[in-house]
Structures are given as C-alpha cells and as structure tokens.
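Visitor: There's a structure below that I have some questions on.
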Amino acid sequence: MASFTEGEVRQLLSSIEDNRNAHDWRLSPSGMRWGEVVGLRWQMLTWVPVH
C-alpha cells in the first residue's frame, strides 16, 4: 500500500485552501476512514436490500 510523502501532503494541504471541503481534505491524510472524517454514524445509514 502506497502512502503520501511529507512533500505530497504539504502540496495537497496548500492546494485546498479555497476548497469548501478543506476540513475533510485536512483530516484525510491523518489515517481516519472517510466515514470518520465526515462524522458518519451507523444509525444514519438506510439499508436497502440488494436483489
């Protein structure tokens, strides 16, 4: 599994300053899963059967 270098993380963080989701992008390299970044809880999900 490849990971970002320190330079790549710095480049990412400097390029998102004007992005409306900048807070999400700042947390992403921390190792948090996407659901944790956005504050998703299991009870928020609607389960739909797949046929």
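By order in the structure tokens, chains are A, B, ...; within a chain, residues start at 1; ligands start at 1, following the order shown.
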Could you give me, as number ranges by chain, the residues within 12 Å of segment 9-18 of chain A, counting only C-alpha atoms and dropping anything in the same chain fewer than 6 positions from it?

Guide: A: 3, 24-30

Visitor: Those selected residues, please, written with all heavy atoms and delivered as a PDB file, in the first residue's frame.

Guide:
ATOM      1  N   SER A   3       1.718   5.240   0.322  1.00  0.00           N
ATOM      2  CA  SER A   3       1.241   6.369   1.123  1.00  0.00           C
ATOM      3  C   SER A   3       1.890   7.650   0.612  1.00  0.00           C
ATOM      4  O   SER A   3       2.850   7.617  -0.143  1.00  0.00           O
ATOM      5  CB  SER A   3       1.560   6.157   2.602  1.00  0.00           C
ATOM      6  OG  SER A   3       2.954   6.027   2.766  1.00  0.00           O
ATOM      7  N   ASP A  24     -12.295  18.407   5.357  1.00  0.00           N
ATOM      8  CA  ASP A  24     -12.256  16.972   5.064  1.00  0.00           C
ATOM      9  C   ASP A  24     -10.892  16.566   4.520  1.00  0.00           C
ATOM     10  O   ASP A  24     -10.344  15.537   4.902  1.00  0.00           O
ATOM     11  CB  ASP A  24     -13.327  16.593   4.039  1.00  0.00           C
ATOM     12  CG  ASP A  24     -14.738  16.782   4.571  1.00  0.00           C
ATOM     13  OD1 ASP A  24     -14.927  16.709   5.805  1.00  0.00           O
ATOM     14  OD2 ASP A  24     -15.637  17.005   3.763  1.00  0.00           O
ATOM     15  N   TRP A  25     -10.362  17.365   3.602  1.00  0.00           N
ATOM     16  CA  TRP A  25      -9.072  17.052   3.000  1.00  0.00           C
ATOM     17  C   TRP A  25      -7.950  17.125   4.024  1.00  0.00           C
ATOM     18  O   TRP A  25      -6.978  16.385   3.945  1.00  0.00           O
ATOM     19  CB  TRP A  25      -8.788  17.985   1.830  1.00  0.00           C
ATOM     20  CG  TRP A  25      -9.660  17.709   0.662  1.00  0.00           C
ATOM     21  CD1 TRP A  25     -10.675  18.492   0.197  1.00  0.00           C
ATOM     22  CD2 TRP A  25      -9.614  16.566  -0.195  1.00  0.00           C
ATOM     23  NE1 TRP A  25     -11.262  17.907  -0.900  1.00  0.00           N
ATOM     24  CE2 TRP A  25     -10.633  16.724  -1.160  1.00  0.00           C
ATOM     25  CE3 TRP A  25      -8.809  15.426  -0.237  1.00  0.00           C
ATOM     26  CZ2 TRP A  25     -10.859  15.779  -2.156  1.00  0.00           C
ATOM     27  CZ3 TRP A  25      -9.043  14.495  -1.230  1.00  0.00           C
ATOM     28  CH2 TRP A  25     -10.052  14.674  -2.163  1.00  0.00           C
ATOM     29  N   ARG A  26      -8.067  18.010   5.009  1.00  0.00           N
ATOM     30  CA  ARG A  26      -7.030  18.102   6.043  1.00  0.00           C
ATOM     31  C   ARG A  26      -7.011  16.855   6.921  1.00  0.00           C
ATOM     32  O   ARG A  26      -5.971  16.439   7.396  1.00  0.00           O
ATOM     33  CB  ARG A  26      -7.257  19.334   6.913  1.00  0.00           C
ATOM     34  CG  ARG A  26      -6.822  20.601   6.255  1.00  0.00           C
ATOM     35  CD  ARG A  26      -6.823  21.767   7.231  1.00  0.00           C
ATOM     36  NE  ARG A  26      -6.714  22.994   6.491  1.00  0.00           N
ATOM     37  CZ  ARG A  26      -7.744  23.767   6.157  1.00  0.00           C
ATOM     38  NH1 ARG A  26      -8.966  23.428   6.518  1.00  0.00           N
ATOM     39  NH2 ARG A  26      -7.562  24.863   5.477  1.00  0.00           N
ATOM     40  N   LEU A  27      -8.173  16.276   7.161  1.00  0.00           N
ATOM     41  CA  LEU A  27      -8.246  15.090   8.023  1.00  0.00           C
ATOM     42  C   LEU A  27      -7.916  13.795   7.281  1.00  0.00           C
ATOM     43  O   LEU A  27      -7.500  12.818   7.897  1.00  0.00           O
ATOM     44  CB  LEU A  27      -9.644  14.975   8.637  1.00  0.00           C
ATOM     45  CG  LEU A  27      -9.987  16.034   9.674  1.00  0.00           C
ATOM     46  CD1 LEU A  27     -11.454  15.931  10.064  1.00  0.00           C
ATOM     47  CD2 LEU A  27      -9.097  15.892  10.897  1.00  0.00           C
ATOM     48  N   SER A  28      -8.080  13.771   5.984  1.00  0.00           N
ATOM     49  CA  SER A  28      -7.890  12.540   5.220  1.00  0.00           C
ATOM     50  C   SER A  28      -6.496  11.928   5.372  1.00  0.00           C
ATOM     51  O   SER A  28      -6.384  10.719   5.569  1.00  0.00           O
ATOM     52  CB  SER A  28      -8.196  12.776   3.744  1.00  0.00           C
ATOM     53  OG  SER A  28      -9.566  13.039   3.595  1.00  0.00           O
ATOM     54  N   PRO A  29      -5.405  12.697   5.298  1.00  0.00           N
ATOM     55  CA  PRO A  29      -4.079  12.074   5.444  1.00  0.00           C
ATOM     56  C   PRO A  29      -3.779  11.608   6.862  1.00  0.00           C
ATOM     57  O   PRO A  29      -2.752  10.990   7.100  1.00  0.00           O
ATOM     58  CB  PRO A  29      -3.098  13.186   5.043  1.00  0.00           C
ATOM     59  CG  PRO A  29      -3.906  14.236   4.384  1.00  0.00           C
ATOM     60  CD  PRO A  29      -5.305  14.087   4.898  1.00  0.00           C
ATOM     61  N   SER A  30      -4.665  11.878   7.821  1.00  0.00           N
ATOM     62  CA  SER A  30      -4.406  11.505   9.211  1.00  0.00           C
ATOM     63  C   SER A  30      -4.589  10.016   9.466  1.00  0.00           C
ATOM     64  O   SER A  30      -4.273   9.538  10.548  1.00  0.00           O
ATOM     65  CB  SER A  30      -5.337  12.286  10.136  1.00  0.00           C
ATOM     66  OG  SER A  30      -6.658  11.811  10.014  1.00  0.00           O
TER      67      SER A  30
END

Visitor: Write down as a list in words the residues belonging to chain A that are assigned alpha helix (DSSP H) by DSSP computed on the backbone.

Guide: Glu6, Gly7, Glu8, Val9, Arg10, Gln11, Leu12, Leu13, Ser14, Ser15, Ala22, His23, Asp24, Trp25, Arg26, Leu27, Trp34, Gly35, Glu36 and Val37 of chain A

Visitor: Selection from above, N, CA, C and O atoms, as a short mmCIF file (atom, residue, chain, number, x, y, z; two decimals), in the first residue's frame, can you write it?

Guide:
data_model
loop_
_atom_site.label_atom_id
_atom_site.label_comp_id
_atom_site.auth_asym_id
_atom_site.auth_seq_id
_atom_site.Cartn_x
_atom_site.Cartn_y
_atom_site.Cartn_z
N GLU A 6 5.82 13.30 2.82
CA GLU A 6 5.57 14.56 3.53
C GLU A 6 5.38 15.70 2.54
O GLU A 6 4.49 16.55 2.71
N GLY A 7 6.17 15.73 1.49
CA GLY A 7 6.05 16.77 0.47
C GLY A 7 4.71 16.73 -0.24
O GLY A 7 4.12 17.78 -0.53
N GLU A 8 4.22 15.53 -0.52
CA GLU A 8 2.92 15.40 -1.19
C GLU A 8 1.79 15.88 -0.29
O GLU A 8 0.85 16.53 -0.75
N VAL A 9 1.88 15.58 1.00
CA VAL A 9 0.85 16.05 1.94
C VAL A 9 0.87 17.56 2.03
O VAL A 9 -0.16 18.22 2.00
N ARG A 10 2.08 18.14 2.08
CA ARG A 10 2.19 19.60 2.13
C ARG A 10 1.61 20.23 0.87
O ARG A 10 0.91 21.25 0.93
N GLN A 11 1.86 19.63 -0.28
CA GLN A 11 1.32 20.13 -1.54
C GLN A 11 -0.20 20.05 -1.55
O GLN A 11 -0.89 20.98 -1.96
N LEU A 12 -0.74 18.93 -1.09
CA LEU A 12 -2.19 18.76 -1.00
C LEU A 12 -2.80 19.83 -0.11
O LEU A 12 -3.76 20.50 -0.49
N LEU A 13 -2.24 20.01 1.07
CA LEU A 13 -2.81 20.96 2.02
C LEU A 13 -2.72 22.39 1.52
O LEU A 13 -3.62 23.19 1.77
N SER A 14 -1.68 22.73 0.79
CA SER A 14 -1.56 24.09 0.26
C SER A 14 -2.51 24.33 -0.91
O SER A 14 -2.88 25.47 -1.18
N SER A 15 -2.93 23.27 -1.59
CA SER A 15 -3.79 23.44 -2.76
C SER A 15 -5.28 23.46 -2.42
O SER A 15 -6.10 23.72 -3.29
N ALA A 22 -12.30 21.79 2.59
CA ALA A 22 -10.91 21.77 3.03
C ALA A 22 -10.74 21.01 4.34
O ALA A 22 -9.75 20.31 4.53
N HIS A 23 -11.70 21.14 5.25
CA HIS A 23 -11.60 20.43 6.53
C HIS A 23 -11.55 18.91 6.32
O HIS A 23 -10.81 18.22 7.03
N ASP A 24 -12.30 18.41 5.36
CA ASP A 24 -12.26 16.97 5.06
C ASP A 24 -10.89 16.57 4.52
O ASP A 24 -10.34 15.54 4.90
N TRP A 25 -10.36 17.36 3.60
CA TRP A 25 -9.07 17.05 3.00
C TRP A 25 -7.95 17.12 4.02
O TRP A 25 -6.98 16.38 3.95
N ARG A 26 -8.07 18.01 5.01
CA ARG A 26 -7.03 18.10 6.04
C ARG A 26 -7.01 16.85 6.92
O ARG A 26 -5.97 16.44 7.40
N LEU A 27 -8.17 16.28 7.16
CA LEU A 27 -8.25 15.09 8.02
C LEU A 27 -7.92 13.80 7.28
O LEU A 27 -7.50 12.82 7.90
N TRP A 34 -13.01 7.52 5.77
CA TRP A 34 -13.87 8.58 5.25
C TRP A 34 -15.10 8.79 6.12
O TRP A 34 -15.51 9.91 6.38
N GLY A 35 -15.70 7.72 6.59
CA GLY A 35 -16.87 7.85 7.46
C GLY A 35 -16.56 8.57 8.76
O GLY A 35 -17.38 9.31 9.30
N GLU A 36 -15.35 8.39 9.27
CA GLU A 36 -14.93 9.10 10.48
C GLU A 36 -14.71 10.58 10.20
O GLU A 36 -15.04 11.44 11.02
N VAL A 37 -14.14 10.87 9.04
CA VAL A 37 -13.88 12.26 8.66
C VAL A 37 -15.17 13.05 8.58
O VAL A 37 -15.27 14.18 9.07
#
